Every structure is written in C-alpha cells, then in structure tokens.
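Novice: This is the content of coords_24.pdb (PDB, C-alpha atoms and all ligand atoms):
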MODEL        1
ATOM      1  CA  MET A 133     102.787 162.287  94.372  1.00  0.00           C
ATOM      2  CA  SER A 134      99.513 160.691  95.403  1.00  0.00           C
ATOM      3  CA  THR A 135      98.287 161.357  98.903  1.00  0.00           C
ATOM      4  CA  ILE A 136      97.123 158.739 101.383  1.00  0.00           C
ATOM      5  CA  ALA A 137      93.550 159.940 100.789  1.00  0.00           C
ATOM      6  CA  ASP A 138      93.995 159.307  97.032  1.00  0.00           C
ATOM      7  CA  ASN A 139      95.372 155.852  97.765  1.00  0.00           C
ATOM      8  CA  ILE A 140      92.441 155.033 100.039  1.00  0.00           C
ATOM      9  CA  GLN A 141      90.088 155.931  97.180  1.00  0.00           C
ATOM     10  CA  LEU A 142      91.997 153.645  94.818  1.00  0.00           C
ATOM     11  CA  VAL A 143      92.099 150.724  97.244  1.00  0.00           C
ATOM     12  CA  SER A 144      88.425 151.204  98.115  1.00  0.00           C
ATOM     13  CA  SER A 145      87.475 151.035  94.452  1.00  0.00           C
ATOM     14  CA  ARG A 146      89.599 147.890  94.012  1.00  0.00           C
ATOM     15  CA  ILE A 147      87.714 146.356  96.948  1.00  0.00           C
ATOM     16  CA  ARG A 148      84.365 147.476  95.531  1.00  0.00           C
ATOM     17  CA  ASN A 149      85.157 146.050  92.097  1.00  0.00           C
ATOM     18  CA  ALA A 150      86.357 142.767  93.570  1.00  0.00           C
ATOM     19  CA  THR A 151      83.264 142.337  95.730  1.00  0.00           C
ATOM     20  CA  GLN A 152      81.036 143.061  92.732  1.00  0.00           C
ATOM     21  CA  ALA A 153      82.941 140.595  90.568  1.00  0.00           C
ATOM     22  CA  ALA A 154      82.461 137.975  93.294  1.00  0.00           C
ATOM     23  CA  GLY A 155      78.776 138.767  93.733  1.00  0.00           C
ATOM     24  CA  ARG A 156      79.444 139.793  97.326  1.00  0.00           C
ATOM     25  CA  ASP A 157      78.093 142.693  99.381  1.00  0.00           C
ATOM     26  CA  GLU A 158      80.530 145.601  99.284  1.00  0.00           C
ATOM     27  CA  ASN A 159      80.334 145.917 103.064  1.00  0.00           C
ATOM     28  CA  SER A 160      81.350 142.299 103.617  1.00  0.00           C
ATOM     29  CA  VAL A 161      85.039 143.234 103.216  1.00  0.00           C
ATOM     30  CA  GLN A 162      86.806 145.561 105.659  1.00  0.00           C
ATOM     31  CA  LEU A 163      90.011 147.455 105.052  1.00  0.00           C
ATOM     32  CA  LEU A 164      92.794 147.022 107.616  1.00  0.00           C
ATOM     33  CA  ALA A 165      95.470 149.677 107.087  1.00  0.00           C
ATOM     34  CA  VAL A 166      98.867 148.074 107.707  1.00  0.00           C
ATOM     35  CA  SER A 167     100.969 150.906 109.086  1.00  0.00           C
ATOM     36  CA  LYS A 168     104.207 149.183 110.161  1.00  0.00           C
ATOM     37  CA  THR A 169     107.286 151.417 109.675  1.00  0.00           C
ATOM     38  CA  LYS A 170     105.018 154.419 108.945  1.00  0.00           C
ATOM     39  CA  PRO A 171     105.001 157.487 111.209  1.00  0.00           C
ATOM     40  CA  ALA A 172     102.013 158.492 113.354  1.00  0.00           C
ATOM     41  CA  GLU A 173     101.256 161.384 110.986  1.00  0.00           C
ATOM     42  CA  ALA A 174     100.534 158.913 108.181  1.00  0.00           C
ATOM     43  CA  LEU A 175      97.965 157.142 110.358  1.00  0.00           C
ATOM     44  CA  ARG A 176      96.448 160.496 111.317  1.00  0.00           C
ATOM     45  CA  GLU A 177      96.069 161.290 107.625  1.00  0.00           C
ATOM     46  CA  ALA A 178      94.425 157.924 106.985  1.00  0.00           C
ATOM     47  CA  TYR A 179      92.098 158.496 109.938  1.00  0.00           C
ATOM     48  CA  ALA A 180      91.089 161.891 108.529  1.00  0.00           C
ATOM     49  CA  ALA A 181      90.260 160.153 105.248  1.00  0.00           C
ATOM     50  CA  GLY A 182      87.976 157.710 107.048  1.00  0.00           C
ATOM     51  CA  LEU A 183      90.048 154.702 108.188  1.00  0.00           C
ATOM     52  CA  ARG A 184      89.725 153.401 111.756  1.00  0.00           C
ATOM     53  CA  ASP A 185      91.455 149.993 111.829  1.00  0.00           C
ATOM     54  CA  PHE A 186      95.248 149.816 111.828  1.00  0.00           C
ATOM     55  CA  GLY A 187      97.505 146.764 111.762  1.00  0.00           C
ATOM     56  CA  GLU A 188     100.971 146.735 113.299  1.00  0.00           C
ATOM     57  CA  ASN A 189     103.677 144.031 113.340  1.00  0.00           C
ATOM     58  CA  TYR A 190     106.182 145.336 115.883  1.00  0.00           C
ATOM     59  CA  LEU A 191     105.032 145.851 119.458  1.00  0.00           C
ATOM     60  CA  GLN A 192     107.313 148.682 120.586  1.00  0.00           C
ATOM     61  CA  GLU A 193     106.668 150.644 117.414  1.00  0.00           C
ATOM     62  CA  ALA A 194     102.908 150.129 117.781  1.00  0.00           C
ATOM     63  CA  LEU A 195     102.860 151.236 121.435  1.00  0.00           C
ATOM     64  CA  GLY A 196     104.683 154.431 120.527  1.00  0.00           C
ATOM     65  CA  LYS A 197     102.133 155.269 117.847  1.00  0.00           C
ATOM     66  CA  GLN A 198      99.247 154.407 120.166  1.00  0.00           C
ATOM     67  CA  LEU A 199     100.542 157.031 122.614  1.00  0.00           C
ATOM     68  CA  GLU A 200     100.985 159.630 119.893  1.00  0.00           C
ATOM     69  CA  LEU A 201      97.489 158.957 118.544  1.00  0.00           C
ATOM     70  CA  ALA A 202      95.683 158.513 121.872  1.00  0.00           C
ATOM     71  CA  ASP A 203      93.334 161.384 120.958  1.00  0.00           C
ATOM     72  CA  LEU A 204      91.844 159.332 118.087  1.00  0.00           C
ATOM     73  CA  PRO A 205      89.391 156.409 118.481  1.00  0.00           C
ATOM     74  CA  LEU A 206      91.513 153.937 116.508  1.00  0.00           C
ATOM     75  CA  ILE A 207      91.087 150.162 116.533  1.00  0.00           C
ATOM     76  CA  TRP A 208      94.423 148.373 116.799  1.00  0.00           C
ATOM     77  CA  HIS A 209      95.206 144.966 115.291  1.00  0.00           C
ATOM     78  CA  PHE A 210      98.383 143.012 116.004  1.00  0.00           C
ATOM     79  CA  ILE A 211      99.430 141.110 112.856  1.00  0.00           C
ATOM     80  CA  GLY A 212     103.091 140.160 113.437  1.00  0.00           C
ATOM     81  CA  PRO A 213     104.912 137.165 114.927  1.00  0.00           C
ATOM     82  CA  ILE A 214     104.339 136.902 118.693  1.00  0.00           C
ATOM     83  CA  GLN A 215     106.954 136.033 121.320  1.00  0.00           C
ATOM     84  CA  SER A 216     105.697 134.824 124.711  1.00  0.00           C
ATOM     85  CA  ASN A 217     107.206 137.747 126.583  1.00  0.00           C
ATOM     86  CA  LYS A 218     105.099 140.178 124.496  1.00  0.00           C
ATOM     87  CA  THR A 219     101.678 138.666 125.143  1.00  0.00           C
ATOM     88  CA  ARG A 220     100.738 140.778 128.170  1.00  0.00           C
ATOM     89  CA  SER A 221     101.269 144.028 126.361  1.00  0.00           C
ATOM     90  CA  ILE A 222      99.456 142.747 123.278  1.00  0.00           C
ATOM     91  CA  ALA A 223      96.516 141.586 125.427  1.00  0.00           C
ATOM     92  CA  GLU A 224      96.338 145.028 127.026  1.00  0.00           C
ATOM     93  CA  HIS A 225      96.719 147.240 123.971  1.00  0.00           C
ATOM     94  CA  PHE A 226      94.988 145.638 120.983  1.00  0.00           C
ATOM     95  CA  ALA A 227      91.419 144.763 119.964  1.00  0.00           C
ATOM     96  CA  TRP A 228      92.415 142.038 117.495  1.00  0.00           C
ATOM     97  CA  VAL A 229      95.314 139.616 117.053  1.00  0.00           C
ATOM     98  CA  HIS A 230      95.530 138.052 113.581  1.00  0.00           C
ATOM     99  CA  SER A 231      98.724 136.044 114.036  1.00  0.00           C
ATOM    100  CA  VAL A 232      98.092 133.418 116.721  1.00  0.00           C
ATOM    101  CA  ASP A 233      99.624 130.124 115.636  1.00  0.00           C
ATOM    102  CA  ARG A 234     100.096 128.120 118.832  1.00  0.00           C
ATOM    103  CA  LEU A 235      98.114 127.333 121.950  1.00  0.00           C
ATOM    104  CA  LYS A 236     100.657 128.607 124.460  1.00  0.00           C
ATOM    105  CA  ILE A 237     100.377 132.127 123.026  1.00  0.00           C
ATOM    106  CA  ALA A 238      96.575 131.969 123.009  1.00  0.00           C
ATOM    107  CA  GLN A 239      96.477 130.784 126.628  1.00  0.00           C
ATOM    108  CA  ARG A 240      98.700 133.641 127.734  1.00  0.00           C
ATOM    109  CA  LEU A 241      96.622 136.194 125.804  1.00  0.00           C
ATOM    110  CA  SER A 242      93.451 134.875 127.442  1.00  0.00           C
ATOM    111  CA  GLU A 243      94.962 134.910 130.945  1.00  0.00           C
ATOM    112  CA  GLN A 244      96.406 138.382 130.458  1.00  0.00           C
ATOM    113  CA  ARG A 245      93.431 140.085 128.787  1.00  0.00           C
ATOM    114  CA  PRO A 246      92.313 142.794 131.249  1.00  0.00           C
ATOM    115  CA  ALA A 247      88.920 142.133 132.842  1.00  0.00           C
ATOM    116  CA  ASP A 248      87.602 145.589 131.940  1.00  0.00           C
ATOM    117  CA  LEU A 249      88.129 145.053 128.192  1.00  0.00           C
ATOM    118  CA  PRO A 250      85.923 142.949 125.898  1.00  0.00           C
ATOM    119  CA  PRO A 251      87.301 139.561 124.799  1.00  0.00           C
ATOM    120  CA  LEU A 252      90.268 139.807 122.455  1.00  0.00           C
ATOM    121  CA  ASN A 253      89.343 138.997 118.842  1.00  0.00           C
ATOM    122  CA  ILE A 254      91.578 136.246 117.478  1.00  0.00           C
ATOM    123  CA  CYS A 255      92.449 134.856 114.066  1.00  0.00           C
ATOM    124  CA  ILE A 256      94.560 131.728 113.795  1.00  0.00           C
ATOM    125  CA  GLN A 257      97.341 132.141 111.257  1.00  0.00           C
ATOM    126  CA  VAL A 258      97.484 129.061 109.068  1.00  0.00           C
ATOM    127  CA  ASN A 259     100.339 128.127 106.761  1.00  0.00           C
ATOM    128  CA  VAL A 260      99.025 127.013 103.378  1.00  0.00           C
ATOM    129  CA  SER A 261     102.367 127.389 101.596  1.00  0.00           C
ATOM    130  CA  GLY A 262     104.212 124.505 103.244  1.00  0.00           C
ATOM    131  CA  GLU A 263     107.917 124.945 103.830  1.00  0.00           C
ATOM    132  CA  ALA A 264     107.944 128.315 102.060  1.00  0.00           C
ATOM    133  CA  SER A 265     106.596 129.880 105.259  1.00  0.00           C
ATOM    134  CA  LYS A 266     107.734 129.457 108.838  1.00  0.00           C
ATOM    135  CA  SER A 267     104.754 131.256 110.398  1.00  0.00           C
ATOM    136  CA  GLY A 268     101.343 129.771 110.906  1.00  0.00           C
ATOM    137  CA  CYS A 269     100.041 126.461 112.176  1.00  0.00           C
ATOM    138  CA  THR A 270      99.875 123.528 109.790  1.00  0.00           C
ATOM    139  CA  PRO A 271      96.519 122.555 108.297  1.00  0.00           C
ATOM    140  CA  GLN A 272      96.906 119.264 110.205  1.00  0.00           C
ATOM    141  CA  ASP A 273      97.212 121.014 113.560  1.00  0.00           C
ATOM    142  CA  LEU A 274      94.451 123.537 112.882  1.00  0.00           C
ATOM    143  CA  PRO A 275      91.319 121.639 114.040  1.00  0.00           C
ATOM    144  CA  ALA A 276      92.644 120.859 117.534  1.00  0.00           C
ATOM    145  CA  LEU A 277      94.147 124.326 117.920  1.00  0.00           C
ATOM    146  CA  ALA A 278      90.892 126.001 116.872  1.00  0.00           C
ATOM    147  CA  GLN A 279      88.854 123.881 119.304  1.00  0.00           C
ATOM    148  CA  ALA A 280      91.222 124.677 122.162  1.00  0.00           C
ATOM    149  CA  ILE A 281      91.327 128.406 121.443  1.00  0.00           C
ATOM    150  CA  SER A 282      87.551 128.630 121.095  1.00  0.00           C
ATOM    151  CA  ALA A 283      87.272 127.375 124.689  1.00  0.00           C
ATOM    152  CA  LEU A 284      89.488 130.098 126.189  1.00  0.00           C
ATOM    153  CA  PRO A 285      87.374 132.526 128.222  1.00  0.00           C
ATOM    154  CA  ARG A 286      88.909 135.896 127.385  1.00  0.00           C
ATOM    155  CA  LEU A 287      89.369 135.310 123.664  1.00  0.00           C
ATOM    156  CA  LYS A 288      86.840 135.352 120.852  1.00  0.00           C
ATOM    157  CA  LEU A 289      87.984 133.162 118.001  1.00  0.00           C
ATOM    158  CA  ARG A 290      86.809 134.930 114.815  1.00  0.00           C
ATOM    159  CA  GLY A 291      88.485 132.998 112.005  1.00  0.00           C
ATOM    160  CA  LEU A 292      91.679 132.378 110.064  1.00  0.00           C
ATOM    161  CA  MET A 293      94.506 134.500 108.732  1.00  0.00           C
ATOM    162  CA  ALA A 294      96.955 133.552 105.987  1.00  0.00           C
ATOM    163  CA  ILE A 295      99.882 135.021 104.097  1.00  0.00           C
ATOM    164  CA  PRO A 296     100.378 132.735 101.086  1.00  0.00           C
ATOM    165  CA  GLU A 297     103.703 132.724  99.307  1.00  0.00           C
ATOM    166  CA  PRO A 298     103.698 135.837  97.069  1.00  0.00           C
ATOM    167  CA  THR A 299     102.953 135.197  93.411  1.00  0.00           C
ATOM    168  CA  GLU A 300     101.611 137.290  90.545  1.00  0.00           C
ATOM    169  CA  ASP A 301      99.847 134.232  89.106  1.00  0.00           C
ATOM    170  CA  ARG A 302      96.141 134.678  89.724  1.00  0.00           C
ATOM    171  CA  ALA A 303      95.382 130.958  89.559  1.00  0.00           C
ATOM    172  CA  GLU A 304      98.011 130.248  92.223  1.00  0.00           C
ATOM    173  CA  GLN A 305      96.662 133.080  94.390  1.00  0.00           C
ATOM    174  CA  ASP A 306      93.134 131.708  94.043  1.00  0.00           C
ATOM    175  CA  ALA A 307      94.242 128.180  94.937  1.00  0.00           C
ATOM    176  CA  ALA A 308      95.974 129.314  98.135  1.00  0.00           C
ATOM    177  CA  PHE A 309      93.111 131.515  99.335  1.00  0.00           C
ATOM    178  CA  ALA A 310      90.538 128.855  98.416  1.00  0.00           C
ATOM    179  CA  ALA A 311      92.470 126.415 100.588  1.00  0.00           C
ATOM    180  CA  VAL A 312      92.166 128.801 103.535  1.00  0.00           C
ATOM    181  CA  GLN A 313      88.436 129.197 103.001  1.00  0.00           C
ATOM    182  CA  LYS A 314      88.046 125.430 102.793  1.00  0.00           C
ATOM    183  CA  LEU A 315      89.962 124.932 106.041  1.00  0.00           C
ATOM    184  CA  GLN A 316      87.731 127.482 107.724  1.00  0.00           C
ATOM    185  CA  ALA A 317      84.596 125.746 106.458  1.00  0.00           C
ATOM    186  CA  SER A 318      85.879 122.384 107.664  1.00  0.00           C
ATOM    187  CA  LEU A 319      86.019 123.616 111.274  1.00  0.00           C
ATOM    188  CA  ASP A 320      82.831 123.005 113.176  1.00  0.00           C
ATOM    189  CA  LEU A 321      82.873 126.454 114.766  1.00  0.00           C
ATOM    190  CA  PRO A 322      80.868 129.684 114.299  1.00  0.00           C
ATOM    191  CA  LEU A 323      83.566 131.768 112.569  1.00  0.00           C
ATOM    192  CA  ASP A 324      82.910 134.966 110.602  1.00  0.00           C
ATOM    193  CA  THR A 325      86.363 136.224 109.615  1.00  0.00           C
ATOM    194  CA  LEU A 326      88.923 135.476 106.926  1.00  0.00           C
ATOM    195  CA  SER A 327      91.916 137.810 107.151  1.00  0.00           C
ATOM    196  CA  MET A 328      93.660 137.456 103.822  1.00  0.00           C
ATOM    197  CA  GLY A 329      94.768 139.557 100.874  1.00  0.00           C
ATOM    198  CA  MET A 330      97.481 142.235 100.724  1.00  0.00           C
ATOM    199  CA  SER A 331      98.306 145.005  98.249  1.00  0.00           C
ATOM    200  CA  HIS A 332      99.173 142.671  95.367  1.00  0.00           C
ATOM    201  CA  ASP A 333      96.518 139.997  95.767  1.00  0.00           C
ATOM    202  CA  LEU A 334      93.428 141.516  97.377  1.00  0.00           C
ATOM    203  CA  GLU A 335      91.251 140.773  94.324  1.00  0.00           C
ATOM    204  CA  SER A 336      91.938 137.055  94.557  1.00  0.00           C
ATOM    205  CA  ALA A 337      91.466 137.015  98.343  1.00  0.00           C
ATOM    206  CA  ILE A 338      88.092 138.748  98.038  1.00  0.00           C
ATOM    207  CA  ALA A 339      87.009 136.309  95.345  1.00  0.00           C
ATOM    208  CA  GLN A 340      87.795 133.505  97.823  1.00  0.00           C
ATOM    209  CA  GLY A 341      85.937 134.983 100.772  1.00  0.00           C
ATOM    210  CA  ALA A 342      88.239 137.456 102.564  1.00  0.00           C
ATOM    211  CA  THR A 343      86.493 139.645 105.159  1.00  0.00           C
ATOM    212  CA  TRP A 344      89.581 141.677 106.169  1.00  0.00           C
ATOM    213  CA  VAL A 345      92.134 142.696 103.579  1.00  0.00           C
ATOM    214  CA  ARG A 346      95.399 143.883 105.159  1.00  0.00           C
ATOM    215  CA  ILE A 347      96.819 146.653 102.979  1.00  0.00           C
ATOM    216  CA  GLY A 348     100.099 148.484 103.525  1.00  0.00           C
ATOM    217  CA  THR A 349     102.034 149.460 100.397  1.00  0.00           C
ATOM    218  CA  ALA A 350      98.996 150.419  98.303  1.00  0.00           C
ATOM    219  CA  LEU A 351      97.918 152.896 101.016  1.00  0.00           C
ATOM    220  CA  PHE A 352     101.154 154.246 102.443  1.00  0.00           C
ATOM    221  CA  GLY A 353     103.737 153.573  99.732  1.00  0.00           C
ATOM    222  CA  ALA A 354     106.823 151.347  99.911  1.00  0.00           C
ATOM    223  CA  ARG A 355     108.291 150.683 103.352  1.00  0.00           C
ATOM    224  CA  ASP A 356     111.765 151.736 104.453  1.00  0.00           C
ATOM    225  CA  TYR A 357     113.031 149.160 106.932  1.00  0.00           C
ATOM    226  CA  SER A 358     116.150 151.161 107.710  1.00  0.00           C
ATOM    227  CA  ASN A 359     114.012 153.558 109.775  1.00  0.00           C
ATOM    228  CA  PRO A 360     115.556 153.347 113.259  1.00  0.00           C
ATOM    229  CA  SER A 361     112.295 154.171 115.102  1.00  0.00           C
ATOM    230  CA  ARG A 362     111.685 150.468 115.512  1.00  0.00           C
TER     231      ARG A 362
HETATM  232  C1  LIG A 401     103.219 144.038 105.896  1.00  0.00           C
HETATM  233  C2  LIG A 401     102.019 143.152 106.008  1.00  0.00           C
HETATM  234  C3  LIG A 401     100.857 143.355 105.222  1.00  0.00           C
HETATM  235  C4  LIG A 401     100.760 144.440 104.145  1.00  0.00           C
HETATM  236  O1  LIG A 401     101.468 144.088 103.016  1.00  0.00           O
HETATM  237  P1  LIG A 401     101.444 145.023 101.690  1.00  0.00           P
HETATM  238  O2  LIG A 401     101.959 144.121 100.641  1.00  0.00           O
HETATM  239  O3  LIG A 401     102.328 146.180 101.975  1.00  0.00           O
HETATM  240  O4  LIG A 401     100.037 145.428 101.458  1.00  0.00           O
HETATM  241  C5  LIG A 401      99.780 142.530 105.435  1.00  0.00           C
HETATM  242  N1  LIG A 401      99.802 141.558 106.354  1.00  0.00           N
HETATM  243  C6  LIG A 401     100.880 141.320 107.116  1.00  0.00           C
HETATM  244  C7  LIG A 401     100.833 140.224 108.118  1.00  0.00           C
HETATM  245  C8  LIG A 401     102.017 142.100 106.960  1.00  0.00           C
HETATM  246  O5  LIG A 401     103.090 141.839 107.724  1.00  0.00           O
ENDMDL
END
Have the structure of the file written as structure tokens, please.

Specialist:
Amino acid sequence: MSTIADNIQLVSSRIRNATQAAGRDENSVQLLAVSKTKPAEALREAYAAGLRDFGENYLQEALGKQLELADLPLIWHFIGPIQSNKTRSIAEHFAWVHSVDRLKIAQRLSEQRPADLPPLNICIQVNVSGEASKSGCTPQDLPALAQAISALPRLKLRGLMAIPEPTEDRAEQDAAFAAVQKLQASLDLPLDTLSMGMSHDLESAIAQGATWVRIGTALFGARDYSNPSR
C-alpha cells in the first residue's frame, strides 16, 4: 500500500507537470489537503511529509482534529456548506473559508471574526454547473455579492471557488474551469485566488488558472462515510 508521503510525491509531481504544461510558475499553485473523514493521525503524517494547509467540510469533526493536532502549526480551511448557526465557530477556528455563497453568511463571519486574529480569507463559491449543483452563488449574483463582501471589515476577499459537475472529459473540465477564471477576471476587484481542481481534474484546473487545488482521495485514499466520528 502506498503511504501518504508517497501520495504527496505523486500529487506534487502532477501539480509540477501541470504548471509546466501551462507555462506557469510551479509555486503559483498550492496544495490544500482535504482531510474530511480522515483521522488526526493521517493529518499528522501529511504534516511530517511537508503539508501545512488542511481543508475540512464538517465543523464538529474539524474542531476535534484541531484539538488533537494543537501541537502542530497547521493552517485550517473550511470548505463545506455553511449553516448560519456555525459561523461563529468557523470565524474563530479557521484561517480561510472557501465556501461562502451568500451575503448573510459573510456578514456573520465578519462580525464574529475575533479582533485578535487577522482578517478571515474568503473565497466565494460560484456555481458554474447550473441545476446540477445546489451550492454556490449564480454567475448572475456574483458581481454584487463580491462587491458587498469586499467591503466587510473583518474579511479579506481572495477569489472564487468552484466544484464543477464531475466529468472525465477534459474539454468539459476545461470549459467549466475557464468559466470560473473568466468570472473572476470580470470582477473589478484585486483578487489573487482561484480554488478549483480536485483529485480527478487538477490538471485541467491548473491549466485554467487554479491557485489552490483541493485534494483528498489522491492523498489519503477513498473516504469511508460510515465512520461515526462525524
Ligand atoms: C471532498 C472535497 C474535495 C476533495 O475531493 P477529492 O476528489 O477527494 O480530491 C475538494 N473540495 C471539496 C469542497 C470537497 O468537499
């Protein structure tokens, strides 16, 4: 069986090859390790192999791992759907939120971000797959939402996040990620982040400008959702 360290090497070389193919600087793409459903020991192993940034979807699960791993200087990213009653804890315990898709959530995160922490880094999740996805703001609503979020004092709007409908067709992957990049460029805001690309489509995402790729399965193996720890 391959170890997490082996998998990190493989994913890193996929990222390197994709940046080279796109004529991009290798360091322009960062690896976010998506550790949902995985035990704290798996994150510790990834940390030992050099990873620092971890993405979690489920708040209670993430808080438990943060306690277990409090001895490590990890950077935590929230990447899952957000309910209003979870915003305070997210504002207190994460450095990034990739999955903001409505103003009410952003306002609460800004109000609840502790004064002693730097502004919370935010990506707006945008839905470029139409009815196939329920998460993410519509491209139509994006400009006003981005303007409003960029004015909130305790948030720092960094860019967009997207999870296109899964497909193995490279042309379809490219079209979806290109649409995200185009939406980002159409906003008259100083944004530096495109959070897009997962285990199966990171090459396409990098070709279309991704700056964070969010990788779970290719690092940690398949997920078992029957795990009761959540
Ligand atoms: C689970 C998840 C990922 C990782 O997906 P893999 O296909 O396992 O790489 C990335 N982003 C989000 C938002 C996720 O929920």

Novice: Between A:Tyr357, A:Trp228, A:Tyr190, A:Phe352, which has the minimum distance to A:Leu241 (counting all atoms listed in the file)?

Specialist: A:Trp228

Novice: Could you write out as lines of an AutoDock Vina configuration file the box around ligand LIG 401 (chain A) (axis-aligned, all atoms listed in the file, 4 Å on each side), with centre and edge lengths in Å to one decimal?

Specialist:
center_x = 101.5
center_y = 143.2
center_z = 104.4
size_x = 11.4
size_y = 14.0
size_z = 15.5

Novice: Would you pick out the contacts of A:Pro298 at 10 Å or less, using all atoms listed in the file, so that residues sharing its chain but fewer than 4 positions from it are not included, and give the list as a PyMOL selection string?

Specialist: chain A and resi 261+264+304-305+330+332-333

Novice: Mind dumping the selected residues with C-alpha atoms as a PDB file, in the frame of the given file?

Specialist:
ATOM      1  CA  SER A 261     102.367 127.389 101.596  1.00  0.00           C
ATOM      2  CA  ALA A 264     107.944 128.315 102.060  1.00  0.00           C
ATOM      3  CA  GLU A 304      98.011 130.248  92.223  1.00  0.00           C
ATOM      4  CA  GLN A 305      96.662 133.080  94.390  1.00  0.00           C
ATOM      5  CA  MET A 330      97.481 142.235 100.724  1.00  0.00           C
ATOM      6  CA  HIS A 332      99.173 142.671  95.367  1.00  0.00           C
ATOM      7  CA  ASP A 333      96.518 139.997  95.767  1.00  0.00           C
TER       8      ASP A 333
END

Novice: Kindly provide, as an MDAnalysis selection string, all nucleotide and amino acid residues lying within 9 Å of ligand LIG 401 (chain A), counting only C-alpha atoms and all ligand atoms.

Specialist: chainID A and resid 164:168 187:189 210:213 230:231 293:295 327:334 345:355

Novice: Those same residues, written as an mmCIF file, in the coordinates of the input with C-alpha atoms?

Specialist:
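Final output, saved to out28.cif:
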data_model
loop_
_atom_site.group_PDB
_atom_site.id
_atom_site.type_symbol
_atom_site.label_atom_id
_atom_site.label_comp_id
_atom_site.auth_asym_id
_atom_site.auth_seq_id
_atom_site.Cartn_x
_atom_site.Cartn_y
_atom_site.Cartn_z
ATOM 1 C CA LEU A 164 92.794 147.022 107.616
ATOM 2 C CA ALA A 165 95.470 149.677 107.087
ATOM 3 C CA VAL A 166 98.867 148.074 107.707
ATOM 4 C CA SER A 167 100.969 150.906 109.086
ATOM 5 C CA LYS A 168 104.207 149.183 110.161
ATOM 6 C CA GLY A 187 97.505 146.764 111.762
ATOM 7 C CA GLU A 188 100.971 146.735 113.299
ATOM 8 C CA ASN A 189 103.677 144.031 113.340
ATOM 9 C CA PHE A 210 98.383 143.012 116.004
ATOM 10 C CA ILE A 211 99.430 141.110 112.856
ATOM 11 C CA GLY A 212 103.091 140.160 113.437
ATOM 12 C CA PRO A 213 104.912 137.165 114.927
ATOM 13 C CA HIS A 230 95.530 138.052 113.581
ATOM 14 C CA SER A 231 98.724 136.044 114.036
ATOM 15 C CA MET A 293 94.506 134.500 108.732
ATOM 16 C CA ALA A 294 96.955 133.552 105.987
ATOM 17 C CA ILE A 295 99.882 135.021 104.097
ATOM 18 C CA SER A 327 91.916 137.810 107.151
ATOM 19 C CA MET A 328 93.660 137.456 103.822
ATOM 20 C CA GLY A 329 94.768 139.557 100.874
ATOM 21 C CA MET A 330 97.481 142.235 100.724
ATOM 22 C CA SER A 331 98.306 145.005 98.249
ATOM 23 C CA HIS A 332 99.173 142.671 95.367
ATOM 24 C CA ASP A 333 96.518 139.997 95.767
ATOM 25 C CA LEU A 334 93.428 141.516 97.377
ATOM 26 C CA VAL A 345 92.134 142.696 103.579
ATOM 27 C CA ARG A 346 95.399 143.883 105.159
ATOM 28 C CA ILE A 347 96.819 146.653 102.979
ATOM 29 C CA GLY A 348 100.099 148.484 103.525
ATOM 30 C CA THR A 349 102.034 149.460 100.397
ATOM 31 C CA ALA A 350 98.996 150.419 98.303
ATOM 32 C CA LEU A 351 97.918 152.896 101.016
ATOM 33 C CA PHE A 352 101.154 154.246 102.443
ATOM 34 C CA GLY A 353 103.737 153.573 99.732
ATOM 35 C CA ALA A 354 106.823 151.347 99.911
ATOM 36 C CA ARG A 355 108.291 150.683 103.352
#

Novice: So what does the PyMOL selection byres (((chain A and resi 287) around 12) and not hetatm) actually pick up in this one, as a VMD selection string?

Specialist: chain A and resid 223 227 to 229 232 235 237 to 247 249 to 256 278 280 to 286 288 to 291

Novice: Export C-alpha atoms of the chosen residues as a short mmCIF file (atom, residue, chain, number, x, y, z; two decimals), in the coordinates of the input?

Specialist:
data_model
loop_
_atom_site.label_atom_id
_atom_site.label_comp_id
_atom_site.auth_asym_id
_atom_site.auth_seq_id
_atom_site.Cartn_x
_atom_site.Cartn_y
_atom_site.Cartn_z
CA ALA A 223 96.52 141.59 125.43
CA ALA A 227 91.42 144.76 119.96
CA TRP A 228 92.42 142.04 117.50
CA VAL A 229 95.31 139.62 117.05
CA VAL A 232 98.09 133.42 116.72
CA LEU A 235 98.11 127.33 121.95
CA ILE A 237 100.38 132.13 123.03
CA ALA A 238 96.58 131.97 123.01
CA GLN A 239 96.48 130.78 126.63
CA ARG A 240 98.70 133.64 127.73
CA LEU A 241 96.62 136.19 125.80
CA SER A 242 93.45 134.88 127.44
CA GLU A 243 94.96 134.91 130.94
CA GLN A 244 96.41 138.38 130.46
CA ARG A 245 93.43 140.08 128.79
CA PRO A 246 92.31 142.79 131.25
CA ALA A 247 88.92 142.13 132.84
CA LEU A 249 88.13 145.05 128.19
CA PRO A 250 85.92 142.95 125.90
CA PRO A 251 87.30 139.56 124.80
CA LEU A 252 90.27 139.81 122.46
CA ASN A 253 89.34 139.00 118.84
CA ILE A 254 91.58 136.25 117.48
CA CYS A 255 92.45 134.86 114.07
CA ILE A 256 94.56 131.73 113.80
CA ALA A 278 90.89 126.00 116.87
CA ALA A 280 91.22 124.68 122.16
CA ILE A 281 91.33 128.41 121.44
CA SER A 282 87.55 128.63 121.10
CA ALA A 283 87.27 127.38 124.69
CA LEU A 284 89.49 130.10 126.19
CA PRO A 285 87.37 132.53 128.22
CA ARG A 286 88.91 135.90 127.38
CA LYS A 288 86.84 135.35 120.85
CA LEU A 289 87.98 133.16 118.00
CA ARG A 290 86.81 134.93 114.82
CA GLY A 291 88.48 133.00 112.00
#

Novice: Of the candidates A:Leu201, A:Leu323, A:Leu195, A:Ala137, which one gets nearest to A:His225 if we count all atoms listed in the file?

Specialist: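 Going through A:Leu201, A:Leu323, A:Leu195, A:Ala137 one by one, the smallest distance to A:His225 is for A:Leu195.
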
Novice: With only C-alpha atoms as the basis for distance, which of A:Asp233, A:Leu292, A:Arg146, A:Ala339 is at the shortest distance from A:Lys266?

Specialist: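 So, comparing all the options, the nearest one is A:Asp233.
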
Novice: Please compute the atom CA of A:Leu274-atom CA of A:Trp208 distance, one decimal, in Å.

Specialist: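 Those two atoms sit 25.1 Å apart.
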
Novice: Report, in Å with one decimal, the straight-line distance from atom CA of A:Thr270 to atom CA of A:Leu163.

Specialist: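 For atom CA of A:Thr270 relative to atom CA of A:Leu163, the distance reads 26.3 Å.
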
Novice: Would you list the residues near (83.3, 145.8, 96.9), meaning any protein, DNA or RNA residue with an atom at most 6 Å from that point in file coordinates, counting only C-alpha atoms, as an MDAnalysis selection string?

Specialist: chainID A and resid 147:152 158

Novice: Might you spell out which residues the PyMOL selection byres (((chain A and resi 260) around 7) and not hetatm) would select in the displayed file, as a ChimeraX atom specification?

Specialist: /A:258-259,261-262,296,308

Novice: Using all atoms listed in the file, can you tell me which of A:Ala154, A:Ile214, A:Ala180, A:Leu199 comes closest to A:Ser267?

Specialist: A:Ile214
